[in-house]
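Undergrad: My structure is below; once you've seen it, I'll send some questions.
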Amino acid sequence: MNTTRKTELLSPAKNLECGIAAINHGADAVYIGASKFGARAAAGNSVDDIETLAKYAHQYRSKVFVALNTILTDEQLPEAERLIQQVHNAGADALIVQDMGVLNLNLPPIPLHASTQTDNRTVEKVRFLQQSGFSRVVLARELTLKQIGEISNQTNAELEAFVHGALCVSYSGQCYISQAMTGRSANRGQCAQYCRLPYYLEDANGQTLIKNKHLLSLKDLDLSDYLEDMMEAGVMSFKIEGRLKDINYVKNITAYYRKKLDNILEGNNKFSKASLGQTHFFFEPNPEKSFRRGATDYFLNERKQAIIQPDTPKSLGEPIGKVIANGRNFFDLSSDIAINNGDGLCFCNSKGELNGFRINRAEIINLKNQQFIRCFPASLPPPNAGTFLFRNQDQEFDKLINGKTSERKIDIRILFTETDEGFRIQLTDEENIQFDKEFAIAKQAAMKPGFAEQNIHQQLSKLGNTIYQASSVTIRISGNWFIPASQINEWRRETLEAFDKYRAEKYIREQASERKKVSFPEKTLSYLGNVTNKMAQKFYIDRGVEDIQHGFEVKAAENVPLMFTKYCIKFEYGWCPKEGNNTKLTEPLYIRTNEHRFQLKFDCKKCEMHIFSTK
């Protein structure tokens, strides 16, 4: 009996094409939005596309999770109920949910995953969700390894954690700044991304402390060096952010984490892969060559500085090197990285503005025992000496990744035997699913000794356009029988087609967990509970909550934080009193754009920063 714990690589899919690419590049599961009610409103998909993706994924025993993780109105609930039934009928393996009202709908037996939007930071919250019927909980990104371990040790739900991609500066599901300023709710998939704007930081006297920087724009998450630590802490699903990202991002980042996880799983008797097949890559994945705002491990290994990218919210890309000299139409670059004609480079100027340009031509120069790269940019003037450059478009890499970049194959064992009436082909896959197909034919001796087995082996091994590769081909026949190669090829095709259908019938989806009415950890629920419909209200009343406020989208609470963050500007800039810094700031502090001004308050006991409107 296999007692290893399954480890899942979970990739994003903006659409069907991205979903299939994720599977081909080694994803054990894919999450995708339905036509409505997903937290990425711009990434909706039809039920037909979800069905096509599910059929494709299930061949490899990979799963498809559908994100229906916005909060809903009373008017939207009936449509949501119909949509959930449709995606279940289409073959979806689980539903990612934020709104607790969904649990009071007439649901099919589909497993429920608690979205990170439900703000899953504590043992008590995760245990409540588990007992309420969620088979999986997506953890808050702010948790440390120690906190993840504590949750794992005291709960039974599957734990999913983000490992790569864009970070929300606020606790997920607890950000109302977009709704307050524009009427576009982050909890309804329409975030206006106020965290990516440039701000001035001012003190109580109006003195500018920091000028025009992206003070809330976090670097992107990259926990690729800590996957095994996270496994040991209890994480079973490793989630890549990016349901708005393009197909090349999905290919590159999925491949990168697939290789990382495979190296960990090789020979490991504690953990195993959650799906079937081996993925062969025709390129070397590199996360620095996809959209990337730098990299941070965030709070996984406790609090640290330099987790924002203050100069730009855009992708800088791959660090290249420093300009050491420039001429009228060229500059010399100190770098060990090859530069290609047509590459896109960028840098932040003295004002903190991002400037980009293309390289017309690059050549290696050896001069006085010094080697450097001479670059001729398409636009002038060239960057000044001392400027550090990044590459945000690599022509050679783009050519590779736009082509065929992977192949995923399931091992099958092929056994060819004879029967009284003819011959039999038996196929056995990695799950030990076995299928036999017999073919009646008059047996005829071959003219050449030994030719029969060689011919049979050669034809049965031709699996190129299928999802299979032969790990073994065994032939057991009593005579040197002649069978035309065309006949064996036809038998092989017929057997594989029938095997595909048989394996599809053998796929078993997980069933929904039992939903119990257990007490919610608290008796009151503020606007932070995001209750925006009667079904959600009933859910909490049935679980002992006595005082329930309306969600912010229904009735905006006054004089309350619009954003809760574990990230702290004081800590980031070295002004944290808990760290022993005695800098005297005239508080309260404010961040300001040309249009809006927000007050910052600091809860030093919780190590949190709260952001309020000053309207």
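Here, A, B, ... name the chains of the structure tokens in the order displayed, residue numbers run from 1 inside each chain, and ligands are numbered from 1 in the same displayed order.
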Residues at most 9 Å from Gly133 in chain A, counting only C-alpha atoms, excluding those fewer than 3 positions away in the same chain, as JSON, numbers by chain?
TA: {"A": [103, 111, 112, 113, 128, 129, 130, 136, 512, 513, 514, 515, 516]}
Undergrad: Would you kindly return, as a ChimeraX atom specification, each protein, DNA or RNA residue with an atom no farther than 12 Å from any atom of Phe65 in chain A, considering only C-alpha atoms and excluding same-chain residues fewer than 2 positions away?
TA: /A:10-13,19,28-34,38,50-51,53-54,57-58,62-63,67-69,84,87-88,90-97,110-115,136,239,509-510
Undergrad: Which residues of range 136-248 of chain A sit at most 10 Å from range 261-264 of chain A, using only C-alpha atoms? Give each one's shortest atom pair and distance in Å (one decimal place), in chain and ascending residue order, as CSV.
TA:
```
residue,atom,partner,partner_atom,distance
A:Ser224,CA,A:Leu261,CA,9.0
A:Leu227,CA,A:Leu261,CA,7.4
A:Glu228,CA,A:Ile264,CA,6.9
A:Phe238,CA,A:Leu261,CA,9.6
```
Undergrad: Could you save those same residues with N, CA and C atoms as an mmCIF file, in the first residue's frame?
TA:
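File produced: result11.cif:
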```
data_model
loop_
_atom_site.group_PDB
_atom_site.id
_atom_site.type_symbol
_atom_site.label_atom_id
_atom_site.label_comp_id
_atom_site.auth_asym_id
_atom_site.auth_seq_id
_atom_site.Cartn_x
_atom_site.Cartn_y
_atom_site.Cartn_z
ATOM 1 N N SER A 224 10.538 29.013 -4.479
ATOM 2 C CA SER A 224 11.049 27.799 -5.117
ATOM 3 C C SER A 224 12.183 27.141 -4.335
ATOM 4 N N LEU A 227 10.434 24.609 -1.176
ATOM 5 C CA LEU A 227 9.350 23.660 -1.437
ATOM 6 C C LEU A 227 9.388 22.477 -0.470
ATOM 7 N N GLU A 228 10.548 21.932 -0.258
ATOM 8 C CA GLU A 228 10.635 20.775 0.635
ATOM 9 C C GLU A 228 10.314 21.174 2.071
ATOM 10 N N PHE A 238 0.965 23.252 -4.228
ATOM 11 C CA PHE A 238 1.830 24.411 -4.446
ATOM 12 C C PHE A 238 1.278 25.209 -5.620
#
```
Undergrad: Quick one: everything within 9 Å of Gly173 in chain A, counting only C-alpha atoms, minus sequence neighbours fewer than 3 positions away in the same chain. Send it as a VMD selection string.
TA: chain A and resid 98 116 to 119 170 176 186 to 187 528 to 530
Undergrad: Include C-alpha atoms and write out the residues we just selected as a PDB file, in the first residue's frame.
TA:
```pdb
ATOM      1  CA  GLN A  98     -15.201  32.642  -0.893  1.00  0.00           C
ATOM      2  CA  THR A 116      -7.450  32.490   0.122  1.00  0.00           C
ATOM      3  CA  GLN A 117     -10.067  35.278  -0.037  1.00  0.00           C
ATOM      4  CA  THR A 118     -11.613  33.753   3.121  1.00  0.00           C
ATOM      5  CA  ASP A 119      -8.539  35.006   5.043  1.00  0.00           C
ATOM      6  CA  SER A 170      -3.432  43.379   1.959  1.00  0.00           C
ATOM      7  CA  TYR A 176     -11.757  47.500   0.433  1.00  0.00           C
ATOM      8  CA  ALA A 186     -11.649  43.329  -5.136  1.00  0.00           C
ATOM      9  CA  ASN A 187     -13.969  40.775  -3.545  1.00  0.00           C
ATOM     10  CA  LEU A 528     -14.638  41.843   7.440  1.00  0.00           C
ATOM     11  CA  GLY A 529     -16.864  38.749   7.184  1.00  0.00           C
ATOM     12  CA  ASN A 530     -17.931  39.887   3.692  1.00  0.00           C
TER      13      ASN A 530
END
```
Undergrad: Write out as a VMD selection string all residues of range 261-301 of chain A that DSSP puts in alpha helix (DSSP H) for this structure's backbone.
TA: chain A and resid 261 to 265
Undergrad: What's the 7 Å shell around Asn106 in chain A, counting only C-alpha atoms, without same-chain residues fewer than 2 positions away, as an MDAnalysis selection string?
TA: chainID A and resid 81 104 108
Undergrad: Let me see the file: selected residues, N, CA, C and O atoms, as a PDB file, in the first residue's frame.
TA:
```pdb
ATOM      1  N   GLU A  81     -25.853  29.010  -8.535  1.00  0.00           N
ATOM      2  CA  GLU A  81     -26.260  27.618  -8.294  1.00  0.00           C
ATOM      3  C   GLU A  81     -26.313  26.840  -9.610  1.00  0.00           C
ATOM      4  O   GLU A  81     -25.821  25.707  -9.697  1.00  0.00           O
ATOM      5  N   ASN A 104     -25.122  27.025   1.317  1.00  0.00           N
ATOM      6  CA  ASN A 104     -26.552  26.844   1.559  1.00  0.00           C
ATOM      7  C   ASN A 104     -27.347  26.681   0.262  1.00  0.00           C
ATOM      8  O   ASN A 104     -28.574  26.623   0.295  1.00  0.00           O
ATOM      9  N   PRO A 108     -24.249  20.145  -6.153  1.00  0.00           N
ATOM     10  CA  PRO A 108     -23.902  18.779  -6.542  1.00  0.00           C
ATOM     11  C   PRO A 108     -22.796  18.276  -5.617  1.00  0.00           C
ATOM     12  O   PRO A 108     -22.225  19.058  -4.843  1.00  0.00           O
TER      13      PRO A 108
END
```
Undergrad: Tell me which protein, DNA and RNA residues are within 10 Å of Pro561 in chain A, counting only C-alpha atoms, leaving out same-chain ones fewer than 4 positions away, and put them as a PyMOL selection string.
TA: chain A and resi 174-177+528+557+598-601+609-613
Undergrad: Using only C-alpha atoms, please write the residues we just selected to a file, as a CSV table (one decimal), in the first residue's frame.
TA:
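So out28.csv came out as:
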```
chain,number,residue,atom,x,y,z
A,174,GLN,CA,-9.7,42.1,3.6
A,175,CYS,CA,-9.0,44.9,1.1
A,176,TYR,CA,-11.8,47.5,0.4
A,177,ILE,CA,-9.8,50.4,-0.9
A,528,LEU,CA,-14.6,41.8,7.4
A,557,ALA,CA,-18.7,50.9,7.1
A,598,PHE,CA,-4.8,57.9,3.1
A,599,GLN,CA,-3.9,57.7,6.8
A,600,LEU,CA,-1.6,55.0,8.1
A,601,LYS,CA,-2.1,53.5,11.5
A,609,MET,CA,-0.4,48.4,9.2
A,610,HIS,CA,-3.9,49.6,8.5
A,611,ILE,CA,-4.9,52.1,5.8
A,612,PHE,CA,-7.8,54.5,6.3
A,613,SER,CA,-9.5,57.0,3.9
```
Undergrad: Name all residues at most 8 Å from range 573-588 of chain A (count only C-alpha atoms; drop same-chain ones fewer than 3 positions away) and give them as a list in words.
TA: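 Using only C-alpha atoms, the neighbours found are Asp203, Ala204, Asn205, Gln305, Ile569, Lys570, Gln599, Leu600, Lys601 and Cys604 of chain A.
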Undergrad: Between CA of Glu453 in chain A and CA of Asn480 in chain A, what is the distance, to one decimal in Å?
TA: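 Separation between CA of Glu453 in chain A and CA of Asn480 in chain A: 7.4 Å.
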Undergrad: Check the smallest atom-to-atom distance from each of A:Lys555, A:Arg492, A:Arg127, A:Lys14 to Ser519 in chain A using only C-alpha atoms, then report the winner.
TA: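 Smallest distance to Ser519 in chain A is found for A:Arg127.
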Undergrad: Find the residues near range 288-298 of chain A: any atom within 9 Å, counting only C-alpha atoms, skip ones fewer than 6 places away on the same chain, and give them as an MDAnalysis selection string.
TA: chainID A and resid 141:144 163 165:167 218:224 226 245 248:249 252:253 304 306:309 312:319 391:394 397:398 567
Undergrad: Could you work out how far CA of Ala556 in chain A lies from CA of Tyr540 in chain A, giving the answer in Å with one decimal?
TA: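 If I compute the distance from CA of Tyr540 in chain A to CA of Ala556 in chain A, I get 20.1 Å.
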